[in-house]
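Participant: Take this structure first; my questions come after.
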Amino acid sequence: MFNDAKPEYLFETLLVEVADGVAVITLNRPAKRNAMSPQVHQDMTNALEQLRYDDRARCLVITGASDVFCAGMDLKEFFIALKNTPREYERVWRMAVEWRGQTLRHYPKPTIAMINGYCFGGAFSIVEGCDLAMAAEEATFGLSEINFKLFPGGSVSKSLANLLRPRDALWFGMTGRPFDGKTAERIGLVNMAVPRATLREETLQVARELAAKDPHAMAATKQAYYASLDMSWEAAMAYSFAKEQELVVRQGDAWKTEGIGDFLKGKYKPGLESHGVT
Ligand code: ACO
């Protein structure tokens, strides 16, 4: 039902554009520095569900409007406004951690965080939830929670544990000191920091490169990596073998007949170039 659909992406708090195989999702609350209100979590949950089945979108990029990535959770609309409605607080809390920590991680398509400016607290979980991350050198990151008497709550401490070295996670978590994109690159929070002026084009170039790979092999690459993190060697080998068989079924054996086959016919060199999608 979904495969032939070209959904309209109309959200209160997001802009979604799909072009050249890439969907760019832009958090669009610049007046509130793109802070994640309950509506943002609802819209993200819906957008990710729709984009999952939109064949035009083979790679996702998440960014923010107006030279700001995301100022973290909306401190007013979430922590203060929902203080006296614990069921609603729990519902939004769960939605907030699920799209960043579960949906993105297990998303069948590659995802890239494009950090164009301020990135605080809960926004670290967007960065970590995405497979890759590219930042503006001028961006400002910070685990600001300690500065207002909180700790990196929700999914943030888990994101720090997943991604950073202990010294860096604790340094920035305990001091709350802001840092720039180059530092984010140095500590491995992002793959690469580039000047803000070229960030969008460089990110889209990577996104288009990923969008041109075989989608089933791409999904398996993510799944095998993330699953292996939590598995014993024996379980990881059993998973890997089963995944290989699954790939044959999903692709119709393309990795052998076309991928290896065209190499053996001398048509291309997979060490140096991509076969692409046929
Ligand atoms: N939640 C709710 N509203 C926010 C947030 C936020 N996280 N961040 C900014 N805003 C709002 C401000 O309240 C202000 O609203 P108003 O115009 O209605 O008064 C508007 O956005 C602009 O904010 P300024 O502070 O005026 O913007 P400035 O560009 O000078 O500073 C900065 C931006 C540095 C992001 C600053 O707003 C700030 O420190 N925000 C808090 C960052 C933070 O600690 N986030 C929470 C992380 S913890 C977590 O996610 C669980």
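Note on naming: chains are A, B, ... as they come in the structure tokens, residues start from 1 per chain, ligands start from 1 in the order shown.
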Tell me, as a list in words, which residues lie within 9 Å of Ile187 of chain A, counting only C-alpha atoms; anything in the same chain fewer than 4 positions away does not count.
Facilitator: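 Once the adjacent positions are removed, what remains is Leu164, Arg165, Asp168, Lys182 and Thr183 of chain A.
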Participant: Selection from above, all heavy atoms, as a JSON list (two decimals), in the first residue's frame, can you write it?
Facilitator:
[["chain", "number", "residue", "atom", "x", "y", "z"],
["A", 164, "LEU", "N", 30.96, 7.83, 23.02],
["A", 164, "LEU", "CA", 32.15, 8.57, 23.42],
["A", 164, "LEU", "C", 33.07, 7.74, 24.32],
["A", 164, "LEU", "O", 32.65, 6.79, 24.97],
["A", 164, "LEU", "CB", 31.76, 9.86, 24.17],
["A", 164, "LEU", "CG", 30.94, 10.86, 23.35],
["A", 164, "LEU", "CD1", 30.70, 12.13, 24.18],
["A", 164, "LEU", "CD2", 31.64, 11.22, 22.04],
["A", 165, "ARG", "N", 34.35, 8.21, 24.38],
["A", 165, "ARG", "CA", 35.26, 7.62, 25.36],
["A", 165, "ARG", "C", 34.84, 8.12, 26.74],
["A", 165, "ARG", "O", 34.35, 9.26, 26.86],
["A", 165, "ARG", "CB", 36.69, 8.07, 25.06],
["A", 165, "ARG", "CG", 37.25, 7.52, 23.78],
["A", 165, "ARG", "CD", 38.63, 8.06, 23.50],
["A", 165, "ARG", "NE", 38.64, 9.52, 23.51],
["A", 165, "ARG", "CZ", 39.69, 10.27, 23.15],
["A", 165, "ARG", "NH1", 40.79, 9.68, 22.76],
["A", 165, "ARG", "NH2", 39.62, 11.58, 23.18],
["A", 168, "ASP", "N", 35.84, 11.70, 27.76],
["A", 168, "ASP", "CA", 35.17, 12.80, 27.07],
["A", 168, "ASP", "C", 33.72, 12.92, 27.56],
["A", 168, "ASP", "O", 33.23, 14.03, 27.78],
["A", 168, "ASP", "CB", 35.19, 12.55, 25.55],
["A", 168, "ASP", "CG", 36.60, 12.64, 24.98],
["A", 168, "ASP", "OD1", 37.36, 13.53, 25.41],
["A", 168, "ASP", "OD2", 36.94, 11.82, 24.11],
["A", 182, "LYS", "N", 34.90, 21.28, 15.57],
["A", 182, "LYS", "CA", 36.19, 20.61, 15.42],
["A", 182, "LYS", "C", 36.44, 19.68, 16.60],
["A", 182, "LYS", "O", 36.98, 18.57, 16.44],
["A", 182, "LYS", "CB", 37.31, 21.65, 15.34],
["A", 182, "LYS", "CG", 37.37, 22.37, 14.02],
["A", 182, "LYS", "CD", 38.55, 23.32, 14.02],
["A", 182, "LYS", "CE", 38.56, 24.17, 12.76],
["A", 182, "LYS", "NZ", 39.44, 25.31, 12.83],
["A", 183, "THR", "N", 36.07, 20.13, 17.81],
["A", 183, "THR", "CA", 36.22, 19.27, 19.00],
["A", 183, "THR", "C", 35.30, 18.06, 18.88],
["A", 183, "THR", "O", 35.69, 16.93, 19.21],
["A", 183, "THR", "CB", 35.93, 20.06, 20.28],
["A", 183, "THR", "OG1", 36.76, 21.21, 20.31],
["A", 183, "THR", "CG2", 36.15, 19.22, 21.53]]
Participant: How would you write, as a ChimeraX atom specification, the set of residues no farther than 10 Å from ligand 1 when counting only C-alpha atoms and all ligand atoms?
Facilitator: /A:29-37,68-80,117-125,140-148,150-156,176,178
Participant: How many Å separate atom CA of Ala136 of chain A from atom CA of Val194 of chain A?
Facilitator: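 Computing it gives 5.2 Å between the two atoms.
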Participant: Please list as a count of residues only every residue within 12 Å of Arg186 of chain A, counting only C-alpha atoms and excluding residues in the same chain fewer than 5 positions away.
Facilitator: 11
Participant: Have a look at A:Ala211, A:Ala197, A:Ala139, A:Ala254 and name the one nearest to Thr111 of chain A; count only C-alpha atoms.
Facilitator: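 Nearest candidate to Thr111 of chain A out of A:Ala211, A:Ala197, A:Ala139, A:Ala254: A:Ala211.
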Participant: Need to verify the contact set: Lys213 of chain A, 10 Å, only C-alpha atoms, exclusion of same-chain residues closer than 2 positions in sequence. Can you return it as a list in words?
Facilitator: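 Everything that qualifies: Arg58, Arg208, Glu209, Leu210, Ala211, Pro215, His216, Ala217, Met218, Ser274, His275, Gly276, Val277 and Thr278 of chain A.
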Participant: Based on the selection just made, write all heavy atoms of those residues as a short mmCIF file (atom, residue, chain, number, x, y, z; two decimals), in the first residue's frame.
Facilitator:
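Generated output (out.cif):
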data_model
loop_
_atom_site.label_atom_id
_atom_site.label_comp_id
_atom_site.auth_asym_id
_atom_site.auth_seq_id
_atom_site.Cartn_x
_atom_site.Cartn_y
_atom_site.Cartn_z
N ARG A 58 15.97 7.35 -0.05
CA ARG A 58 16.87 6.21 0.18
C ARG A 58 17.89 6.52 1.26
O ARG A 58 18.62 5.64 1.72
CB ARG A 58 17.57 5.83 -1.13
CG ARG A 58 16.57 5.40 -2.21
CD ARG A 58 17.23 5.37 -3.57
NE ARG A 58 18.27 4.38 -3.62
CZ ARG A 58 18.11 3.14 -4.07
NH1 ARG A 58 16.93 2.75 -4.50
NH2 ARG A 58 19.11 2.30 -4.09
N ARG A 208 23.91 11.38 -1.06
CA ARG A 208 23.63 10.86 -2.41
C ARG A 208 24.47 9.62 -2.69
O ARG A 208 24.04 8.68 -3.36
CB ARG A 208 23.90 11.93 -3.47
CG ARG A 208 22.85 13.04 -3.46
CD ARG A 208 23.05 14.00 -4.63
NE ARG A 208 22.63 15.33 -4.28
CZ ARG A 208 23.43 16.38 -4.08
NH1 ARG A 208 24.74 16.25 -4.25
NH2 ARG A 208 22.97 17.55 -3.73
N GLU A 209 25.69 9.63 -2.15
CA GLU A 209 26.56 8.46 -2.32
C GLU A 209 25.92 7.24 -1.66
O GLU A 209 25.88 6.15 -2.25
CB GLU A 209 27.93 8.76 -1.67
CG GLU A 209 28.97 7.69 -1.89
CD GLU A 209 30.30 8.05 -1.20
OE1 GLU A 209 30.61 9.25 -1.06
OE2 GLU A 209 31.00 7.11 -0.79
N LEU A 210 25.40 7.41 -0.46
CA LEU A 210 24.76 6.28 0.24
C LEU A 210 23.48 5.86 -0.48
O LEU A 210 23.17 4.67 -0.58
CB LEU A 210 24.43 6.66 1.69
CG LEU A 210 25.60 7.08 2.59
CD1 LEU A 210 25.12 7.33 4.01
CD2 LEU A 210 26.71 6.02 2.60
N ALA A 211 22.74 6.87 -0.99
CA ALA A 211 21.47 6.58 -1.67
C ALA A 211 21.70 5.77 -2.94
O ALA A 211 20.79 5.08 -3.41
CB ALA A 211 20.75 7.89 -2.00
N PRO A 215 20.15 -0.83 -1.57
CA PRO A 215 19.44 -0.56 -0.30
C PRO A 215 19.40 -1.76 0.65
O PRO A 215 19.43 -1.59 1.88
CB PRO A 215 18.04 -0.16 -0.73
CG PRO A 215 17.89 -0.66 -2.13
CD PRO A 215 19.25 -0.71 -2.73
N HIS A 216 19.34 -2.97 0.09
CA HIS A 216 19.30 -4.16 0.96
C HIS A 216 20.65 -4.40 1.62
O HIS A 216 20.74 -4.75 2.79
CB HIS A 216 18.87 -5.39 0.15
CG HIS A 216 17.56 -5.20 -0.54
ND1 HIS A 216 16.38 -5.04 0.16
CD2 HIS A 216 17.24 -5.11 -1.86
CE1 HIS A 216 15.38 -4.88 -0.71
NE2 HIS A 216 15.88 -4.91 -1.93
N ALA A 217 21.72 -4.21 0.84
CA ALA A 217 23.06 -4.34 1.42
C ALA A 217 23.29 -3.25 2.46
O ALA A 217 23.92 -3.48 3.50
CB ALA A 217 24.11 -4.26 0.32
N MET A 218 22.76 -2.06 2.19
CA MET A 218 22.90 -0.95 3.14
C MET A 218 22.18 -1.26 4.46
O MET A 218 22.74 -1.07 5.54
CB MET A 218 22.33 0.32 2.50
CG MET A 218 22.48 1.57 3.32
SD MET A 218 24.22 2.00 3.62
CE MET A 218 24.71 2.65 2.03
N SER A 274 31.79 1.68 -6.90
CA SER A 274 30.57 1.00 -6.49
C SER A 274 29.82 0.47 -7.69
O SER A 274 29.76 1.13 -8.73
CB SER A 274 29.69 2.00 -5.73
OG SER A 274 28.54 1.36 -5.25
N HIS A 275 29.23 -0.71 -7.53
CA HIS A 275 28.41 -1.25 -8.60
C HIS A 275 27.14 -0.43 -8.77
O HIS A 275 26.64 -0.23 -9.86
CB HIS A 275 28.04 -2.71 -8.28
CG HIS A 275 27.39 -3.43 -9.43
ND1 HIS A 275 26.09 -3.21 -9.81
CD2 HIS A 275 27.88 -4.35 -10.30
CE1 HIS A 275 25.80 -3.99 -10.84
NE2 HIS A 275 26.87 -4.68 -11.17
N GLY A 276 26.62 0.08 -7.64
CA GLY A 276 25.40 0.87 -7.71
C GLY A 276 24.17 0.00 -7.81
O GLY A 276 24.24 -1.22 -7.73
N VAL A 277 23.05 0.65 -7.99
CA VAL A 277 21.77 -0.05 -8.01
C VAL A 277 21.40 -0.35 -9.44
O VAL A 277 21.54 0.50 -10.32
CB VAL A 277 20.68 0.84 -7.38
CG1 VAL A 277 19.36 0.10 -7.32
CG2 VAL A 277 21.11 1.28 -6.00
N THR A 278 20.96 -1.59 -9.67
CA THR A 278 20.52 -1.91 -11.04
C THR A 278 19.07 -2.33 -11.02
O THR A 278 18.54 -2.67 -9.99
CB THR A 278 21.38 -3.04 -11.64
OG1 THR A 278 21.44 -4.11 -10.70
CG2 THR A 278 22.75 -2.56 -11.98
#
Participant: In Å, how far is it from atom CA of Gln245 of chain A to atom CA of Thr221 of chain A?
Facilitator: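 Going from atom CA of Gln245 of chain A over to atom CA of Thr221 of chain A, I get 13.9 Å.
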Participant: Which distance in Å separates atom CA of Pro108 of chain A and atom CA of Ala219 of chain A, to one decimal?
Facilitator: 4.9 Å
